[in-house]
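File shown: input36.pdb (PDB, C-alpha atoms).
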MODEL        1
ATOM      1  CA  MET Q   1     -39.180 -29.561 -32.500
ATOM      2  CA  VAL Q   2     -39.196 -33.068 -34.076
ATOM      3  CA  VAL Q   3     -40.034 -34.689 -30.732
ATOM      4  CA  GLN Q   4     -42.892 -32.268 -30.095
ATOM      5  CA  ALA Q   5     -44.399 -32.857 -33.535
ATOM      6  CA  GLY Q   6     -43.898 -36.634 -33.296
ATOM      7  CA  LEU Q   7     -45.584 -36.869 -29.901
ATOM      8  CA  ALA Q   8     -48.500 -34.782 -31.119
ATOM      9  CA  PHE Q   9     -49.002 -37.074 -34.145
ATOM     10  CA  LEU Q  10     -48.733 -40.231 -32.032
ATOM     11  CA  ASN Q  11     -51.282 -38.944 -29.555
ATOM     12  CA  GLY Q  12     -53.547 -37.801 -32.337
ATOM     13  CA  SER Q  13     -53.701 -34.376 -30.799
ATOM     14  CA  TYR Q  14     -51.882 -32.483 -33.512
ATOM     15  CA  ASP Q  15     -53.444 -29.060 -33.991
ATOM     16  CA  TRP Q  16     -52.195 -26.991 -36.890
ATOM     17  CA  GLN Q  17     -52.720 -23.668 -35.222
ATOM     18  CA  GLY Q  18     -51.468 -24.558 -31.744
ATOM     19  CA  ASP Q  19     -48.615 -26.823 -32.775
ATOM     20  CA  VAL Q  20     -47.361 -24.507 -35.521
ATOM     21  CA  ALA Q  21     -47.234 -21.757 -32.897
ATOM     22  CA  VAL Q  22     -45.258 -24.081 -30.617
ATOM     23  CA  GLN Q  23     -42.892 -24.914 -33.486
ATOM     24  CA  ILE Q  24     -42.348 -21.210 -34.251
ATOM     25  CA  THR Q  25     -41.668 -20.535 -30.566
ATOM     26  CA  LEU Q  26     -39.153 -23.387 -30.375
ATOM     27  CA  ALA Q  27     -37.436 -22.159 -33.552
ATOM     28  CA  SER Q  28     -37.230 -18.610 -32.164
ATOM     29  CA  VAL Q  29     -35.794 -19.773 -28.833
ATOM     30  CA  THR Q  30     -33.249 -21.945 -30.671
ATOM     31  CA  ALA Q  31     -32.179 -19.054 -32.908
ATOM     32  CA  LEU Q  32     -31.911 -16.760 -29.866
ATOM     33  CA  ALA Q  33     -29.815 -19.323 -27.957
ATOM     34  CA  VAL Q  34     -27.451 -19.781 -30.910
ATOM     35  CA  GLY Q  35     -27.138 -16.009 -31.293
ATOM     36  CA  LEU Q  36     -26.417 -15.491 -27.597
ATOM     37  CA  ASN Q  37     -23.873 -18.291 -27.650
ATOM     38  CA  ARG Q  38     -22.097 -16.779 -30.640
ATOM     39  CA  SER Q  39     -22.115 -13.317 -29.033
ATOM     40  CA  LEU Q  40     -20.697 -14.658 -25.757
ATOM     41  CA  ARG Q  41     -17.970 -16.588 -27.614
ATOM     42  CA  LEU Q  42     -16.965 -13.437 -29.493
ATOM     43  CA  GLN Q  43     -16.904 -11.417 -26.256
ATOM     44  CA  HIS Q  44     -14.851 -14.118 -24.533
ATOM     45  CA  ALA Q  45     -12.363 -14.167 -27.412
ATOM     46  CA  SER Q  46     -12.134 -10.367 -27.352
ATOM     47  CA  ALA Q  47     -11.584 -10.360 -23.567
ATOM     48  CA  SER Q  48      -8.916 -13.050 -23.900
ATOM     49  CA  ARG Q  49      -7.078 -11.007 -26.539
ATOM     50  CA  ALA Q  50      -7.323  -7.883 -24.366
ATOM     51  CA  ARG Q  51      -5.997  -9.754 -21.321
ATOM     52  CA  TYR Q  52      -3.144 -11.227 -23.354
ATOM     53  CA  ALA Q  53      -2.250  -7.744 -24.626
ATOM     54  CA  ALA Q  54      -2.381  -6.426 -21.044
ATOM     55  CA  GLU Q  55      -0.094  -9.233 -19.859
ATOM     56  CA  MET Q  56       2.399  -8.448 -22.637
ATOM     57  CA  ALA Q  57       2.238  -4.749 -21.735
ATOM     58  CA  GLN Q  58       2.819  -5.581 -18.075
ATOM     59  CA  ARG Q  59       5.862  -7.693 -18.899
ATOM     60  CA  ALA Q  60       7.232  -4.935 -21.127
ATOM     61  CA  VAL Q  61       6.605  -2.057 -18.715
ATOM     62  CA  LEU Q  62       6.990  -3.917 -15.417
ATOM     63  CA  PRO Q  63       9.225  -6.960 -15.968
ATOM     64  CA  SER Q  64       9.608  -9.474 -13.168
ATOM     65  CA  PRO Q  65      12.959  -9.134 -11.367
ATOM     66  CA  PRO Q  66      15.291 -12.135 -11.176
ATOM     67  CA  SER Q  67      14.711 -14.494  -8.271
ATOM     68  CA  ARG Q  68      18.323 -14.108  -7.216
ATOM     69  CA  LEU Q  69      21.165 -11.600  -7.604
ATOM     70  CA  GLY Q  70      24.312 -12.965  -6.024
ATOM     71  CA  ASP Q  71      23.398 -14.038  -2.491
ATOM     72  CA  LEU Q  72      20.298 -11.840  -2.413
ATOM     73  CA  ARG Q  73      16.970 -13.605  -2.916
ATOM     74  CA  ILE Q  74      14.172 -11.607  -4.500
ATOM     75  CA  ALA Q  75      10.408 -11.860  -4.896
ATOM     76  CA  ALA Q  76       7.953  -9.343  -6.354
ATOM     77  CA  ARG Q  77       4.167  -9.145  -6.634
ATOM     78  CA  TYR Q  78       1.803  -6.753  -8.349
ATOM     79  CA  VAL Q  79      -1.724  -6.907  -6.903
ATOM     80  CA  PRO Q  80      -4.125  -4.829  -9.034
ATOM     81  CA  ALA Q  81      -7.192  -3.217  -7.519
ATOM     82  CA  GLU Q  82      -9.210  -4.346 -10.569
ATOM     83  CA  ASP Q  83      -9.069  -7.851 -12.034
ATOM     84  CA  MET Q  84      -8.575  -6.775 -15.642
ATOM     85  CA  ALA Q  85      -6.203  -3.901 -14.827
ATOM     86  CA  LEU Q  86      -2.963  -5.844 -14.701
ATOM     87  CA  ILE Q  87      -0.812  -2.744 -14.418
ATOM     88  CA  GLY Q  88      -1.313   0.737 -13.034
ATOM     89  CA  GLY Q  89       0.730   3.416 -11.324
ATOM     90  CA  ASP Q  90       2.730   1.237  -8.903
ATOM     91  CA  LEU Q  91       6.154  -0.074  -9.854
ATOM     92  CA  TYR Q  92       9.217  -2.005  -8.771
ATOM     93  CA  VAL Q  93      12.559  -2.514 -10.483
ATOM     94  CA  MET Q  94      15.699  -4.411  -9.484
ATOM     95  CA  GLN Q  95      19.144  -4.196 -11.050
ATOM     96  CA  GLU Q  96      22.711  -5.353 -10.488
ATOM     97  CA  THR Q  97      25.029  -2.399 -11.117
ATOM     98  CA  PRO Q  98      28.759  -1.607 -10.869
ATOM     99  CA  PHE Q  99      27.964   0.025  -7.510
ATOM    100  CA  GLY Q 100      26.020  -2.865  -6.001
ATOM    101  CA  VAL Q 101      22.493  -4.230  -6.241
ATOM    102  CA  ARG Q 102      19.980  -1.400  -6.505
ATOM    103  CA  ALA Q 103      16.196  -1.430  -6.383
ATOM    104  CA  MET Q 104      13.285   0.982  -6.483
ATOM    105  CA  VAL Q 105       9.655   0.720  -5.420
ATOM    106  CA  GLY Q 106       7.445   3.617  -6.443
ATOM    107  CA  ASP Q 107       3.932   4.932  -6.932
ATOM    108  CA  VAL Q 108       3.106   7.574  -9.534
ATOM    109  CA  ARG Q 109       0.258  10.020  -9.187
ATOM    110  CA  GLY Q 110      -2.847   9.289 -11.205
ATOM    111  CA  LYS Q 111      -4.486   6.346 -12.945
ATOM    112  CA  GLY Q 112      -4.901   4.936 -16.411
ATOM    113  CA  LEU Q 113      -2.676   5.397 -19.437
ATOM    114  CA  SER Q 114      -0.911   8.491 -18.075
ATOM    115  CA  ALA Q 115       0.133   6.541 -14.967
ATOM    116  CA  VAL Q 116       1.447   3.641 -17.077
ATOM    117  CA  THR Q 117       3.429   6.129 -19.190
ATOM    118  CA  ALA Q 118       4.936   7.638 -16.043
ATOM    119  CA  VAL Q 119       5.835   4.155 -14.776
ATOM    120  CA  SER Q 120       7.692   3.380 -18.008
ATOM    121  CA  VAL Q 121       9.608   6.674 -17.722
ATOM    122  CA  ASP Q 122      10.523   6.002 -14.075
ATOM    123  CA  ILE Q 123      11.784   2.495 -14.795
ATOM    124  CA  GLY Q 124      13.688   3.535 -17.915
ATOM    125  CA  VAL Q 125      15.461   6.410 -16.162
ATOM    126  CA  PHE Q 126      16.253   4.271 -13.118
ATOM    127  CA  ARG Q 127      17.776   1.514 -15.245
ATOM    128  CA  TYR Q 128      20.048   3.996 -17.009
ATOM    129  CA  ALA Q 129      20.997   6.074 -13.970
ATOM    130  CA  ALA Q 130      21.550   3.034 -11.717
ATOM    131  CA  ASP Q 131      24.340   1.856 -14.019
ATOM    132  CA  HIS Q 132      26.012   5.258 -14.378
ATOM    133  CA  GLU Q 133      25.556   7.306 -11.206
ATOM    134  CA  PRO Q 134      28.038   6.363  -8.445
ATOM    135  CA  ASP Q 135      25.861   7.376  -5.472
ATOM    136  CA  LEU Q 136      22.158   7.461  -4.663
ATOM    137  CA  PRO Q 137      21.747  11.287  -4.486
ATOM    138  CA  ALA Q 138      23.160  11.570  -8.017
ATOM    139  CA  LEU Q 139      20.821   8.807  -9.180
ATOM    140  CA  VAL Q 140      17.835  10.613  -7.636
ATOM    141  CA  ALA Q 141      18.909  13.924  -9.224
ATOM    142  CA  CYS Q 142      19.029  12.230 -12.621
ATOM    143  CA  MET Q 143      15.514  10.896 -12.111
ATOM    144  CA  GLU Q 144      14.269  14.304 -10.970
ATOM    145  CA  GLU Q 145      15.591  15.927 -14.132
ATOM    146  CA  ALA Q 146      14.018  13.301 -16.391
ATOM    147  CA  LEU Q 147      10.627  13.531 -14.633
ATOM    148  CA  LEU Q 148      10.610  17.329 -14.928
ATOM    149  CA  ARG Q 149      11.334  17.101 -18.656
ATOM    150  CA  GLU Q 150       8.554  14.546 -19.018
ATOM    151  CA  SER Q 151       6.062  16.760 -17.140
ATOM    152  CA  GLN Q 152       6.681  19.594 -19.611
ATOM    153  CA  ARG Q 153       5.295  17.383 -22.389
ATOM    154  CA  ARG Q 154       2.016  16.810 -20.562
ATOM    155  CA  GLU Q 155      -1.179  18.765 -20.106
ATOM    156  CA  GLY Q 156      -3.537  19.487 -17.239
ATOM    157  CA  LEU Q 157      -2.831  18.138 -13.755
ATOM    158  CA  ASP Q 158      -0.179  15.727 -15.051
ATOM    159  CA  ALA Q 159       1.928  18.734 -16.062
ATOM    160  CA  THR Q 160       1.617  20.612 -12.767
ATOM    161  CA  GLU Q 161       0.947  17.929 -10.162
ATOM    162  CA  GLY Q 162       2.646  14.827 -11.530
ATOM    163  CA  PHE Q 163       4.980  13.142  -9.054
ATOM    164  CA  THR Q 164       6.315   9.758  -7.976
ATOM    165  CA  THR Q 165       6.798   8.570  -4.427
ATOM    166  CA  ALA Q 166       9.907   6.410  -4.449
ATOM    167  CA  LEU Q 167      11.966   4.193  -2.196
ATOM    168  CA  ILE Q 168      15.445   3.603  -3.624
ATOM    169  CA  VAL Q 169      17.791   1.105  -1.978
ATOM    170  CA  GLN Q 170      21.342  -0.048  -2.547
ATOM    171  CA  PHE Q 171      23.044  -3.026  -0.925
ATOM    172  CA  ALA Q 172      26.704  -3.222   0.034
ATOM    173  CA  ASP Q 173      28.750  -5.721  -1.942
ATOM    174  CA  ASP Q 174      28.785  -8.130   0.999
ATOM    175  CA  LEU Q 175      25.085  -7.378   1.806
ATOM    176  CA  SER Q 176      26.057  -6.288   5.319
ATOM    177  CA  GLN Q 177      24.374  -2.889   4.892
ATOM    178  CA  VAL Q 178      21.495  -1.362   2.987
ATOM    179  CA  HIS Q 179      21.454   2.309   1.940
ATOM    180  CA  ILE Q 180      18.026   3.912   1.515
ATOM    181  CA  VAL Q 181      16.680   7.120   0.002
ATOM    182  CA  ASN Q 182      13.012   7.690   0.796
ATOM    183  CA  ARG Q 183      11.188  10.305  -1.267
ATOM    184  CA  GLY Q 184       7.714  10.479   0.228
ATOM    185  CA  HIS Q 185       7.140   6.714   0.159
ATOM    186  CA  PRO Q 186       5.847   4.303   2.859
ATOM    187  CA  ALA Q 187       8.803   3.194   4.980
ATOM    188  CA  PRO Q 188      10.013  -0.394   4.437
ATOM    189  CA  VAL Q 189       9.985  -3.056   7.136
ATOM    190  CA  LEU Q 190      13.191  -4.857   8.117
ATOM    191  CA  LEU Q 191      12.440  -8.423   9.237
ATOM    192  CA  HIS Q 192      15.053 -10.287  11.273
ATOM    193  CA  ALA Q 193      15.679 -14.035  11.219
ATOM    194  CA  ASP Q 194      13.716 -14.517  14.470
ATOM    195  CA  GLY Q 195      10.642 -12.717  13.091
ATOM    196  CA  ARG Q 196      11.224  -9.386  14.847
ATOM    197  CA  ALA Q 197      10.586  -6.326  12.708
ATOM    198  CA  ARG Q 198      11.641  -2.694  12.566
ATOM    199  CA  VAL Q 199      10.169   0.047  10.414
ATOM    200  CA  LEU Q 200      12.955   2.017   8.716
ATOM    201  CA  GLU Q 201      11.355   5.438   9.027
ATOM    202  CA  PRO Q 202      13.436   8.237   7.477
ATOM    203  CA  ALA Q 203      15.076  10.583   9.954
ATOM    204  CA  GLU Q 204      14.573  13.465   7.527
ATOM    205  CA  GLU Q 205      11.442  13.767   5.399
ATOM    206  CA  ALA Q 206      11.807  14.412   1.662
ATOM    207  CA  PRO Q 207       9.047  15.057  -0.900
ATOM    208  CA  PRO Q 208       8.213  12.791  -3.855
ATOM    209  CA  LEU Q 209      10.166  12.917  -7.086
ATOM    210  CA  GLY Q 210       9.055  15.233  -9.865
ATOM    211  CA  ILE Q 211       8.194  18.383  -7.912
ATOM    212  CA  SER Q 212      11.665  19.923  -7.678
ATOM    213  CA  GLY Q 213      10.389  22.682  -9.985
ATOM    214  CA  LEU Q 214       8.761  24.141  -6.864
ATOM    215  CA  ASP Q 215      11.979  24.077  -4.817
ATOM    216  CA  ALA Q 216      15.182  22.087  -4.379
ATOM    217  CA  TRP Q 217      15.363  19.272  -1.842
ATOM    218  CA  ALA Q 218      18.180  17.048  -0.701
ATOM    219  CA  SER Q 219      18.023  13.266  -0.926
ATOM    220  CA  PRO Q 220      19.359  12.083   2.446
ATOM    221  CA  VAL Q 221      20.859   8.595   2.405
ATOM    222  CA  GLU Q 222      20.323   6.450   5.493
ATOM    223  CA  THR Q 223      22.369   3.321   6.174
ATOM    224  CA  HIS Q 224      21.104   0.351   8.158
ATOM    225  CA  PRO Q 225      22.693  -2.994   9.092
ATOM    226  CA  PHE Q 226      21.427  -5.914   7.032
ATOM    227  CA  PRO Q 227      22.478  -9.024   8.953
ATOM    228  CA  PRO Q 228      22.290 -12.612   7.684
ATOM    229  CA  GLY Q 229      18.717 -13.887   7.747
ATOM    230  CA  ALA Q 230      17.250 -10.392   7.364
ATOM    231  CA  MET Q 231      14.591  -9.451   4.824
ATOM    232  CA  LEU Q 232      13.713  -5.989   3.555
ATOM    233  CA  LEU Q 233      10.000  -5.753   2.788
ATOM    234  CA  CYS Q 234       9.009  -2.863   0.508
ATOM    235  CA  PHE Q 235       5.483  -1.933  -0.591
ATOM    236  CA  THR Q 236       3.323   0.891  -1.874
ATOM    237  CA  ASP Q 237       0.494   2.719  -0.118
ATOM    238  CA  GLY Q 238      -2.028   0.157  -1.352
ATOM    239  CA  VAL Q 239      -0.855  -1.816   1.699
ATOM    240  CA  THR Q 240      -0.590   0.908   4.333
ATOM    241  CA  GLU Q 241      -3.830   2.629   3.286
ATOM    242  CA  ALA Q 242      -5.959  -0.538   3.198
ATOM    243  CA  ARG Q 243      -8.763  -0.124   5.761
ATOM    244  CA  ASP Q 244     -11.068  -2.540   7.478
ATOM    245  CA  PRO Q 245     -14.857  -1.890   7.754
ATOM    246  CA  ALA Q 246     -14.207   0.171  10.904
ATOM    247  CA  GLY Q 247     -11.767   2.424   9.037
ATOM    248  CA  VAL Q 248      -8.605   1.098  10.735
ATOM    249  CA  PHE Q 249      -5.527   1.213   8.480
ATOM    250  CA  TYR Q 250      -3.431  -1.891   7.871
ATOM    251  CA  ASP Q 251      -0.206  -1.911   9.925
ATOM    252  CA  PRO Q 252       2.453  -4.121   8.283
ATOM    253  CA  ALA Q 253       4.912  -3.525  11.138
ATOM    254  CA  ASP Q 254       2.464  -5.212  13.531
ATOM    255  CA  ARG Q 255       0.872  -7.901  11.361
ATOM    256  CA  VAL Q 256       3.765  -9.148   9.212
ATOM    257  CA  PRO Q 257       6.004 -10.138  12.179
ATOM    258  CA  ARG Q 258       3.147 -12.127  13.704
ATOM    259  CA  MET Q 259       2.628 -14.014  10.445
ATOM    260  CA  VAL Q 260       6.342 -14.721  10.076
ATOM    261  CA  GLN Q 261       6.681 -15.872  13.703
ATOM    262  CA  SER Q 262       3.682 -18.179  13.244
ATOM    263  CA  TYR Q 263       5.302 -19.605  10.113
ATOM    264  CA  LEU Q 264       8.568 -20.112  12.027
ATOM    265  CA  ARG Q 265       6.769 -22.032  14.781
ATOM    266  CA  GLN Q 266       5.048 -24.277  12.245
ATOM    267  CA  THR Q 267       8.003 -24.966   9.926
ATOM    268  CA  SER Q 268      11.137 -24.165  11.977
ATOM    269  CA  HIS Q 269      12.637 -22.128   9.151
ATOM    270  CA  PHE Q 270      12.292 -18.585   7.827
ATOM    271  CA  PRO Q 271       9.811 -18.222   4.946
ATOM    272  CA  GLU Q 272      10.985 -17.651   1.398
ATOM    273  CA  PRO Q 273      10.488 -14.112   0.006
ATOM    274  CA  SER Q 274       7.636 -15.288  -2.235
ATOM    275  CA  THR Q 275       5.911 -16.886   0.779
ATOM    276  CA  VAL Q 276       6.126 -13.646   2.767
ATOM    277  CA  LEU Q 277       4.538 -11.722  -0.113
ATOM    278  CA  ASP Q 278       1.765 -14.316  -0.422
ATOM    279  CA  LEU Q 279       1.067 -14.038   3.309
ATOM    280  CA  LEU Q 280       1.077 -10.244   3.118
ATOM    281  CA  ALA Q 281      -1.244 -10.035   0.098
ATOM    282  CA  ARG Q 282      -3.757 -12.456   1.659
ATOM    283  CA  ASP Q 283      -3.659 -10.658   5.012
ATOM    284  CA  VAL Q 284      -4.268  -7.248   3.403
ATOM    285  CA  SER Q 285      -7.214  -8.753   1.510
ATOM    286  CA  ARG Q 286      -8.665 -10.179   4.742
ATOM    287  CA  HIS Q 287      -8.167  -6.865   6.527
ATOM    288  CA  SER Q 288      -9.946  -4.855   3.832
ATOM    289  CA  GLY Q 289     -12.700  -7.445   3.485
ATOM    290  CA  GLY Q 290     -12.214  -8.552  -0.120
ATOM    291  CA  ALA Q 291     -10.796  -6.959  -3.259
ATOM    292  CA  PRO Q 292      -7.834  -4.568  -2.871
ATOM    293  CA  GLN Q 293      -8.821  -0.940  -2.450
ATOM    294  CA  ASP Q 294      -5.749   0.240  -4.378
ATOM    295  CA  ASP Q 295      -2.964  -1.280  -6.458
ATOM    296  CA  GLN Q 296      -0.136  -2.878  -4.486
ATOM    297  CA  ALA Q 297       3.477  -3.325  -5.559
ATOM    298  CA  LEU Q 298       5.356  -5.663  -3.209
ATOM    299  CA  LEU Q 299       9.083  -6.434  -3.129
ATOM    300  CA  ALA Q 300      10.891  -8.744  -0.681
ATOM    301  CA  LEU Q 301      14.719  -8.803  -0.538
ATOM    302  CA  HIS Q 302      16.210 -11.556   1.605
ATOM    303  CA  ARG Q 303      19.752 -12.268   2.755
ATOM    304  CA  PRO Q 304      19.566 -15.929   3.793
ATOM    305  CA  LEU Q 305      21.500 -17.426   6.662
ATOM    306  CA  PRO Q 306      24.593 -19.318   5.451
ATOM    307  CA  GLN Q 307      23.030 -22.723   6.140
ATOM    308  CA  GLN Q 308      19.834 -21.697   4.326
ATOM    309  CA  ASP Q 309      21.866 -20.624   1.326
ATOM    310  CA  LEU Q 310      23.731 -23.932   1.175
ATOM    311  CA  LEU Q 311      20.490 -25.924   1.423
ATOM    312  CA  ALA Q 312      18.873 -23.836  -1.294
ATOM    313  CA  ARG Q 313      21.720 -24.305  -3.781
ATOM    314  CA  PRO Q 314      21.243 -27.421  -5.954
ATOM    315  CA  ARG Q 315      24.057 -29.953  -5.749
ATOM    316  CA  GLN Q 316      26.260 -30.331  -8.796
ATOM    317  CA  GLY Q 317      24.551 -32.654 -11.263
ATOM    318  CA  SER Q 318      21.119 -32.338  -9.629
ATOM    319  CA  PRO Q 319      18.249 -30.631 -11.420
ATOM    320  CA  PRO Q 320      17.598 -26.931 -10.684
ATOM    321  CA  GLY Q 321      15.477 -26.460  -7.581
ATOM    322  CA  ALA Q 322      16.234 -29.930  -6.243
ATOM    323  CA  GLY Q 323      17.773 -28.474  -3.066
ATOM    324  CA  ALA Q 324      15.271 -25.706  -2.468
ATOM    325  CA  LEU Q 325      13.560 -25.552   0.893
TER     326      LEU Q 325
ENDMDL
END
Kindly transcribe the structure held in the file into structure tokens.
Amino acid sequence: MVVQAGLAFLNGSYDWQGDVAVQITLASVTALAVGLNRSLRLQHASASRARYAAEMAQRAVLPSPPSRLGDLRIAARYVPAEDMALIGGDLYVMQETPFGVRAMVGDVRGKGLSAVTAVSVDIGVFRYAADHEPDLPALVACMEEALLRESQRREGLDATEGFTTALIVQFADDLSQVHIVNRGHPAPVLLHADGRARVLEPAEEAPPLGISGLDAWASPVETHPFPPGAMLLCFTDGVTEARDPAGVFYDPADRVPRMVQSYLRQTSHFPEPSTVLDLLARDVSRHSGGAPQDDQALLALHRPLPQQDLLARPRQGSPPGAGAL
């Protein structure tokens, strides 16, 4: 405003009517810019507070598992379908128990706050039952009972159609075997040290948890060898139901082994669990052509080869992580 008035005076072209109008316009634009700036700063601060609260809620409801339990290496990822929705109806939980290392990957029906509430119930019941129930069918029965009690407190579809697909696994003390109960969940993929893969499809189908009020179902336990170098890759249907523009579903049993074998050729060693999950998440995104179409909960459980384990352990007196591959 000062420059405009000064130039007009210097040129001798100052016109009260025209230049006052210009000054009023400049003042209005300045006031508008300051107002917009203040509004955007307030919105940014509000969004930052909301995101921080969401992150705290995610850590409380869906805490990150430890990176290692005994000789078992662990990595987990939660990939939300929406940027600001840091948590939804998918879940994973990992726990060392008196009966061995146990884990669960699940997906509750529904979206929003009701789904988050169901996730918190599932994780809470699993944590309690995993420490007290000696076998997986008893653990599943305990979860069924808790989910039925929870459904009685709800209204609408959540009361009559609430359920959780779940994959519950337990490792032998020496990690030589893995025991699996699959209740209506996508089958996990067992990756071998050479990159080969096998889908651990259940021999007997069982429905999701939380619908035993309709009938009673068994929880068959299947046991599979888990040799050194093997990795168990677990995920929710956000992976298996991701579709490309032509409508073709993502096939982890086909694509993940190819990625792992390519990594082996390039590096000469098996990828870390976190690397496998990064590769999987990026490949699903490429397949679906952008943002995830549904939430994804990913869990990778790796039994390293003996030489890998020795290399990964830091030497005495060296800083943590100094010997990691």
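Separating atom CA of Q:Gly124 from atom CA of Q:His179 is a distance of 21.4 Å.
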(message) On this structure, the PyMOL selection byres ((chain Q and resi 71) around 10) would catch which residues? List them as a ChimeraX atom specification, sorted by chain and number.
(response) /Q:68-70,72-74,173-175,302-306,309
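Among Q:Gln4, Q:Thr165, Q:Gln266, Q:Ser274, the residue with the shortest atom-to-atom distance to Q:Thr25, counting only C-alpha atoms, is Q:Gln4.
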(message) From (17.8, 1.6, -2.2), in the file's coordinates, out to 9 Å: which residues are reached, counting only C-alpha atoms? Answer as a count of residues only.
(response) 17
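For Q:Ala130, the residues within 9 Å (counting only C-alpha atoms, excluding itself and residues fewer than 3 positions away along the chain) are Gln95, Glu96, Thr97, Pro98, Phe99, Arg102, Ala103, Val125, Phe126, Arg127, Glu133, Pro134, Asp135, Leu136 and Leu139 of chain Q.
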Given all atoms listed in the file, how would the per-residue table for stretch 90-199 of chain Q near stretch 246-261 of chain Q read, listing every residue at most 10 Å away with its closest atom pair and distance in Å to one decimal, sorted by chain and number, as a Markdown table?
| residue | atom | partner | partner_atom | distance |
| --- | --- | --- | --- | --- |
| Q:Ala187 | CA | Q:Ala253 | CA | 9.9 |
| Q:Pro188 | CA | Q:Ala253 | CA | 9.0 |
| Q:Val189 | CA | Q:Ala253 | CA | 6.5 |
| Q:Leu190 | CA | Q:Ala253 | CA | 8.9 |
| Q:Leu191 | CA | Q:Pro257 | CA | 7.3 |
| Q:His192 | CA | Q:Pro257 | CA | 9.1 |
| Q:Ala193 | CA | Q:Val260 | CA | 9.4 |
| Q:Asp194 | CA | Q:Gln261 | CA | 7.2 |
| Q:Gly195 | CA | Q:Gln261 | CA | 5.1 |
| Q:Arg196 | CA | Q:Pro257 | CA | 5.9 |
| Q:Ala197 | CA | Q:Pro257 | CA | 6.0 |
| Q:Arg198 | CA | Q:Ala253 | CA | 6.9 |
| Q:Val199 | CA | Q:Ala253 | CA | 6.4 |
Got a sec to resolve the PyMOL selection byres ((chain Q and resi 234-238) around 7) on this structure and send the residues as a compact mmCIF listing (two decimals) with C-alpha atoms, in the coordinates of the input?
# COMPACT_ATOMS: atom_id res chain seq x y z
CA VAL Q 105 9.65 0.72 -5.42
CA GLY Q 106 7.44 3.62 -6.44
CA ASP Q 107 3.93 4.93 -6.93
CA PRO Q 186 5.85 4.30 2.86
CA PRO Q 188 10.01 -0.39 4.44
CA VAL Q 189 9.98 -3.06 7.14
CA LEU Q 232 13.71 -5.99 3.56
CA LEU Q 233 10.00 -5.75 2.79
CA VAL Q 239 -0.86 -1.82 1.70
CA THR Q 240 -0.59 0.91 4.33
CA GLU Q 241 -3.83 2.63 3.29
CA ALA Q 242 -5.96 -0.54 3.20
CA GLN Q 293 -8.82 -0.94 -2.45
CA ASP Q 294 -5.75 0.24 -4.38
CA ASP Q 295 -2.96 -1.28 -6.46
CA GLN Q 296 -0.14 -2.88 -4.49
CA ALA Q 297 3.48 -3.32 -5.56
CA LEU Q 298 5.36 -5.66 -3.21
CA LEU Q 299 9.08 -6.43 -3.13
CA ALA Q 300 10.89 -8.74 -0.68
(message) Please compute the atom CA of Q:Pro225-atom CA of Q:Leu200 distance, one decimal, in Å.
(response) 11.0 Å
Find the axis-aligned box for stretch 137-140 of chain Q, covering all its listed atoms and adding 8 Å on each side, and write its centre and edge lengths in Å to one decimal as AutoDock Vina command-line options.
--center_x 20.5 --center_y 10.2 --center_z -6.8 --size_x 21.3 --size_y 18.8 --size_z 20.7
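Reported to one decimal place, the separation of atom CA of Q:Asp283 from atom CA of Q:Arg243 is 11.7 Å.
Restricting the calculation to all atoms listed in the file, the smallest distance between Q:Ala141 and any of Q:Ala129, Q:Met94, Q:Val2, Q:Val20 is found for Q:Ala129.
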Answer key for the PyMOL selection byres ((chain Q and resi 203) around 10), residues as a JSON list (two decimals) with C-alpha atoms, in the coordinates of the input:
[["chain", "number", "residue", "atom", "x", "y", "z"],
["Q", 182, "ASN", "CA", 13.01, 7.69, 0.80],
["Q", 200, "LEU", "CA", 12.96, 2.02, 8.72],
["Q", 201, "GLU", "CA", 11.36, 5.44, 9.03],
["Q", 202, "PRO", "CA", 13.44, 8.24, 7.48],
["Q", 204, "GLU", "CA", 14.57, 13.46, 7.53],
["Q", 205, "GLU", "CA", 11.44, 13.77, 5.40],
["Q", 206, "ALA", "CA", 11.81, 14.41, 1.66],
["Q", 220, "PRO", "CA", 19.36, 12.08, 2.45],
["Q", 221, "VAL", "CA", 20.86, 8.60, 2.40],
["Q", 222, "GLU", "CA", 20.32, 6.45, 5.49]]
(message) Under the rule that only C-alpha atoms are counted, which of Q:Ile123, Q:Met231, Q:Leu301, Q:Ala21 is the nearest residue to Q:Phe270?
(response) Q:Met231
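Nearest-residue note for Q:Val79: choosing from Q:Ala118, Q:Ala172, Q:Leu91, Q:Val276, the minimum distance belongs to Q:Leu91, counting all atoms listed in the file.
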